[in-house]
Structure formats: structure tokens, C-alpha cells
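Below is one structure, written out as C-alpha cells, with a few remarks after it.
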Amino acid sequence: MEGIWDIEAIHYNEYDIRGCLLGSIFRFKDEYVTLPVTLNCSVLGKTRDRGTWEVIEPDSGGFLLKIDSESKVFNGTHRLRFIKDFENKMLKFEITSDSLYIVGNKVLYPFKSNINNIDYLVKLSK
């Protein structure tokens with residue numbers, strides 16, 4: 001999960017909020033996450049861009065992504081799934097919860113040399 005992820009799609013409470021974001025990058029490093037700042041959209045208000053994160057592996061399988069942040073958009077525990085985009089040669093993630101849906105692409109992650117790790121993440125996150 002560590003590294004930089006570019007947001008491809010993002011919906012909050014079923015609204016496409018990509019136009020409300022100042023930037024489209026998540027950066028996960030150590031226990032900190034840098035989040036996209038939301039502009040003053042009527043449904044969001046303005047939020048901070050920092051938080052902490054943790055990936056949880058529940059006994060039932062798959063992954064959960066817990067983000068602690070002042071941002072009402074990103075704060076909470078979300079389902080996390082990894083996707084192998086063979087056509088575009090990318091590792092993607094899908095984050096979902098009752099209010100949030102995000103698809104993102106891993107930046108600077110060579111597909112061919114990481115294919116075994118990508119397959120492993122995809123398998124574990126189903």
C-alpha cells in the first residue's frame with residue numbers, strides 16, 4: 001500500500017467529487033497518509049490533507065483500510081481490494097464503504113517486474 005496512488009474515480013455519497021479535489025494523489029508513507037484536499041464544495045466543505053492509516057486483515061479475509069483524518073470524506077474504515085489491470089499494465093485499488101467509492105492507480109510501480117506481488121495482492125484481497 002505504501003507509495004503514491006493516483007485517483008481515477010471518486011464518489012462520496014453517490015456524487016462524483018473529483019472536481020472538488022485539489023489534486024488527485026494519495027501518498028502512504030509509514031503510518032501517515034497525505035490525502036487530496038477538498039475545496040469548498042457544498043457537500044464537503046474544506047478538509048485537511050493529513051491523516052494516519054492502517055491495513056487490517058480480518059479473519060473473514062480480504063483487507064480493510066482504516067484512515068484516521070479530520071476529513072469526513074476519507075475518515076473511517078473501508079473495504080480495500082487490489083485489481084490487476086492487465087490491459088493498462090497497472091496495479092489498481094478499489095476502496096469502498098457506505099459513503100465512499102475510489103478507484104486508484106499505483107504510481108511508479110513497474111507492472112512486469114512486480115507481477116508476482118500484484119497477483120498475490122489480488123488473490124488476498126478477494
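We name chains A, B, ... following the order of the C-alpha cells; residues begin at 1 in each chain, and ligands are numbered from 1 as shown.
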
**Request:** Run DSSP on the backbone and grab whatever in chain A lands in helix (DSSP H, G or I); send it over as a PyMOL selection string.
**Result:** chain A and resi 18-20+112-124

Based on the selection just made, write N, CA and C atoms of those residues as a compact mmCIF listing (two decimals), in the first residue's frame.
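Contents of the output file part29.txt:
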# COMPACT_ATOMS: atom_id res chain seq x y z
N ARG A 18 -14.69 14.32 -7.86
CA ARG A 18 -13.34 14.56 -8.38
C ARG A 18 -13.08 16.05 -8.62
N GLY A 19 -14.07 16.78 -9.09
CA GLY A 19 -13.92 18.22 -9.32
C GLY A 19 -13.78 19.02 -8.04
N CYS A 20 -14.09 18.42 -6.90
CA CYS A 20 -13.97 19.10 -5.60
C CYS A 20 -12.59 18.92 -4.99
N LYS A 112 5.51 -5.39 -14.95
CA LYS A 112 6.13 -6.67 -15.31
C LYS A 112 7.02 -7.21 -14.19
N SER A 113 7.83 -6.36 -13.58
CA SER A 113 8.75 -6.84 -12.55
C SER A 113 8.05 -7.09 -11.20
N ASN A 114 6.80 -6.63 -11.06
CA ASN A 114 6.05 -6.83 -9.82
C ASN A 114 4.84 -7.73 -10.00
N ILE A 115 4.77 -8.45 -11.11
CA ILE A 115 3.58 -9.23 -11.43
C ILE A 115 3.25 -10.28 -10.36
N ASN A 116 4.27 -10.90 -9.78
CA ASN A 116 4.00 -11.91 -8.74
C ASN A 116 3.38 -11.27 -7.50
N ASN A 117 3.89 -10.11 -7.11
CA ASN A 117 3.33 -9.40 -5.96
C ASN A 117 1.91 -8.92 -6.27
N ILE A 118 1.69 -8.43 -7.49
CA ILE A 118 0.35 -7.99 -7.90
C ILE A 118 -0.64 -9.15 -7.82
N ASP A 119 -0.26 -10.31 -8.36
CA ASP A 119 -1.13 -11.48 -8.31
C ASP A 119 -1.43 -11.88 -6.87
N TYR A 120 -0.44 -11.80 -6.01
CA TYR A 120 -0.60 -12.15 -4.60
C TYR A 120 -1.59 -11.20 -3.91
N LEU A 121 -1.43 -9.90 -4.13
CA LEU A 121 -2.34 -8.91 -3.53
C LEU A 121 -3.77 -9.09 -4.02
N VAL A 122 -3.91 -9.33 -5.30
CA VAL A 122 -5.25 -9.53 -5.88
C VAL A 122 -5.90 -10.76 -5.25
N LYS A 123 -5.15 -11.84 -5.13
CA LYS A 123 -5.68 -13.07 -4.55
C LYS A 123 -6.09 -12.86 -3.10
N LEU A 124 -5.26 -12.20 -2.31
CA LEU A 124 -5.56 -11.99 -0.89
C LEU A 124 -6.74 -11.04 -0.67

**Request:** Tell me which protein, DNA and RNA residues are within 12 Å of A:Tyr109, counting only C-alpha atoms, leaving out same-chain ones fewer than 6 positions away, and put them as a PyMOL selection string.
**Result:** chain A and resi 1-6+89-92+115+117-118

Atoms to include: C-alpha atoms. Write the selected residues as a PDB file, in the first residue's frame.
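Below you can see part.pdb, which holds the result:
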ATOM      1  CA  MET A   1       0.000   0.000   0.000  1.00  0.00           C
ATOM      2  CA  GLU A   2       2.902   2.336   0.664  1.00  0.00           C
ATOM      3  CA  GLY A   3       3.687   4.744  -2.113  1.00  0.00           C
ATOM      4  CA  ILE A   4       1.754   7.079  -4.361  1.00  0.00           C
ATOM      5  CA  TRP A   5      -1.676   6.328  -5.816  1.00  0.00           C
ATOM      6  CA  ASP A   6      -3.491   8.440  -8.397  1.00  0.00           C
ATOM      7  CA  LYS A  89      -0.278  -2.693 -17.088  1.00  0.00           C
ATOM      8  CA  MET A  90      -1.186  -1.245 -13.684  1.00  0.00           C
ATOM      9  CA  LEU A  91      -1.938  -2.231 -10.136  1.00  0.00           C
ATOM     10  CA  LYS A  92      -5.176  -0.581  -9.025  1.00  0.00           C
ATOM     11  CA  ILE A 115       3.579  -9.228 -11.435  1.00  0.00           C
ATOM     12  CA  ASN A 117       3.329  -9.402  -5.965  1.00  0.00           C
ATOM     13  CA  ILE A 118       0.346  -7.993  -7.896  1.00  0.00           C
TER      14      ILE A 118
END

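Taking only C-alpha atoms into account, A:Lys106 lies nearest to A:Ile7 out of the set A:Val55, A:Val73, A:Ile7, A:Ile67.
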
List as a PDB file with N, CA and C atoms, in the first residue's frame the protein and nucleic acid residues near A:Glu57, meaning an atom at most 12 Å away when only C-alpha atoms are counted, but skip any in the same chain fewer than 3 places from it.
ATOM      1  N   GLU A  54      -3.888   2.448   8.307  1.00  0.00           N
ATOM      2  CA  GLU A  54      -3.513   1.084   8.697  1.00  0.00           C
ATOM      3  C   GLU A  54      -4.322   0.113   7.841  1.00  0.00           C
ATOM      4  N   SER A  60     -12.166 -12.907   8.333  1.00  0.00           N
ATOM      5  CA  SER A  60     -13.037 -13.298   7.222  1.00  0.00           C
ATOM      6  C   SER A  60     -12.349 -13.176   5.865  1.00  0.00           C
ATOM      7  N   GLY A  61     -11.139 -12.627   5.839  1.00  0.00           N
ATOM      8  CA  GLY A  61     -10.390 -12.488   4.592  1.00  0.00           C
ATOM      9  C   GLY A  61     -10.477 -11.089   4.028  1.00  0.00           C
ATOM     10  N   GLY A  62      -9.690 -10.846   2.989  1.00  0.00           N
ATOM     11  CA  GLY A  62      -9.654  -9.534   2.368  1.00  0.00           C
ATOM     12  C   GLY A  62      -8.883  -8.533   3.200  1.00  0.00           C
ATOM     13  N   PHE A  63      -9.050  -7.272   2.855  1.00  0.00           N
ATOM     14  CA  PHE A  63      -8.369  -6.188   3.555  1.00  0.00           C
ATOM     15  C   PHE A  63      -9.348  -5.082   3.902  1.00  0.00           C
ATOM     16  N   LEU A  64      -9.066  -4.397   4.990  1.00  0.00           N
ATOM     17  CA  LEU A  64      -9.752  -3.159   5.354  1.00  0.00           C
ATOM     18  C   LEU A  64      -8.694  -2.072   5.453  1.00  0.00           C
ATOM     19  N   LEU A  65      -9.037  -0.880   5.016  1.00  0.00           N
ATOM     20  CA  LEU A  65      -8.152   0.270   5.124  1.00  0.00           C
ATOM     21  C   LEU A  65      -8.779   1.238   6.103  1.00  0.00           C
ATOM     22  N   LYS A  66      -8.083   1.472   7.221  1.00  0.00           N
ATOM     23  CA  LYS A  66      -8.571   2.404   8.234  1.00  0.00           C
ATOM     24  C   LYS A  66      -7.796   3.703   8.084  1.00  0.00           C
ATOM     25  N   THR A  77     -13.264   3.303   8.210  1.00  0.00           N
ATOM     26  CA  THR A  77     -12.744   2.004   7.799  1.00  0.00           C
ATOM     27  C   THR A  77     -13.458   1.593   6.519  1.00  0.00           C
ATOM     28  N   HIS A  78     -12.667   1.251   5.517  1.00  0.00           N
ATOM     29  CA  HIS A  78     -13.177   0.980   4.180  1.00  0.00           C
ATOM     30  C   HIS A  78     -12.692  -0.389   3.706  1.00  0.00           C
ATOM     31  N   ARG A  79     -13.475  -1.029   2.864  1.00  0.00           N
ATOM     32  CA  ARG A  79     -13.031  -2.263   2.224  1.00  0.00           C
ATOM     33  C   ARG A  79     -11.970  -1.895   1.176  1.00  0.00           C
ATOM     34  N   LEU A  80     -10.936  -2.713   1.081  1.00  0.00           N
ATOM     35  CA  LEU A  80      -9.829  -2.472   0.161  1.00  0.00           C
ATOM     36  C   LEU A  80      -9.636  -3.707  -0.699  1.00  0.00           C
ATOM     37  N   ARG A  81      -9.628  -3.478  -1.995  1.00  0.00           N
ATOM     38  CA  ARG A  81      -9.425  -4.566  -2.944  1.00  0.00           C
ATOM     39  C   ARG A  81      -8.401  -4.126  -3.976  1.00  0.00           C
ATOM     40  N   LEU A 121      -1.433  -9.899  -4.128  1.00  0.00           N
ATOM     41  CA  LEU A 121      -2.338  -8.912  -3.525  1.00  0.00           C
ATOM     42  C   LEU A 121      -3.773  -9.091  -4.018  1.00  0.00           C
ATOM     43  N   LEU A 124      -5.259 -12.200  -2.314  1.00  0.00           N
ATOM     44  CA  LEU A 124      -5.560 -11.986  -0.894  1.00  0.00           C
ATOM     45  C   LEU A 124      -6.737 -11.041  -0.666  1.00  0.00           C
ATOM     46  N   SER A 125      -6.948 -10.123  -1.589  1.00  0.00           N
ATOM     47  CA  SER A 125      -7.965  -9.096  -1.345  1.00  0.00           C
ATOM     48  C   SER A 125      -9.358  -9.477  -1.825  1.00  0.00           C
ATOM     49  N   LYS A 126      -9.517 -10.669  -2.380  1.00  0.00           N
ATOM     50  CA  LYS A 126     -10.857 -11.081  -2.858  1.00  0.00           C
ATOM     51  C   LYS A 126     -11.752 -11.448  -1.723  1.00  0.00           C
TER      52      LYS A 126
END

**Request:** List the neighbours of A:Glu14 out to 9 Å using only C-alpha atoms; skip same-chain residues closer than 6 positions along the sequence, and give me the result as a list of chain:residue names.
**Result:** A:Ser99, A:Leu100, A:Tyr101

**Residue list (strand (DSSP E), DSSP) for chain A, as an NGL selection string** = :A and (3-12 or 15-16 or 21-22 or 25-29 or 32-34 or 37-38 or 50-56 or 63-69 or 76-85 or 90-96 or 100-106)

**Item:** atom CA of A:Pro110 to atom CA of A:Arg50, straight-line distance in Å
**Value:**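 Taking atom CA of A:Arg50 as the start and atom CA of A:Pro110 as the end point, the length is 26.9 Å.
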
**Request:** Using only C-alpha atoms, find the one residue out of A:Val107, A:Asp30, A:Glu87, A:Asp49 that sits nearest to A:Ser71.
**Result:**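 Among A:Val107, A:Asp30, A:Glu87, A:Asp49, it is A:Asp49 that comes nearest to A:Ser71.
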
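Interatomic distance, atom CA of A:Leu21 to atom CA of A:Gly104: 14.1 Å.
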
**Request:** Choose the residue, out of A:Phe111, A:Val103, A:Thr38, A:Phe28, that has the smallest atom-to-atom separation from A:Phe86; count only C-alpha atoms.
**Result:** A:Phe111
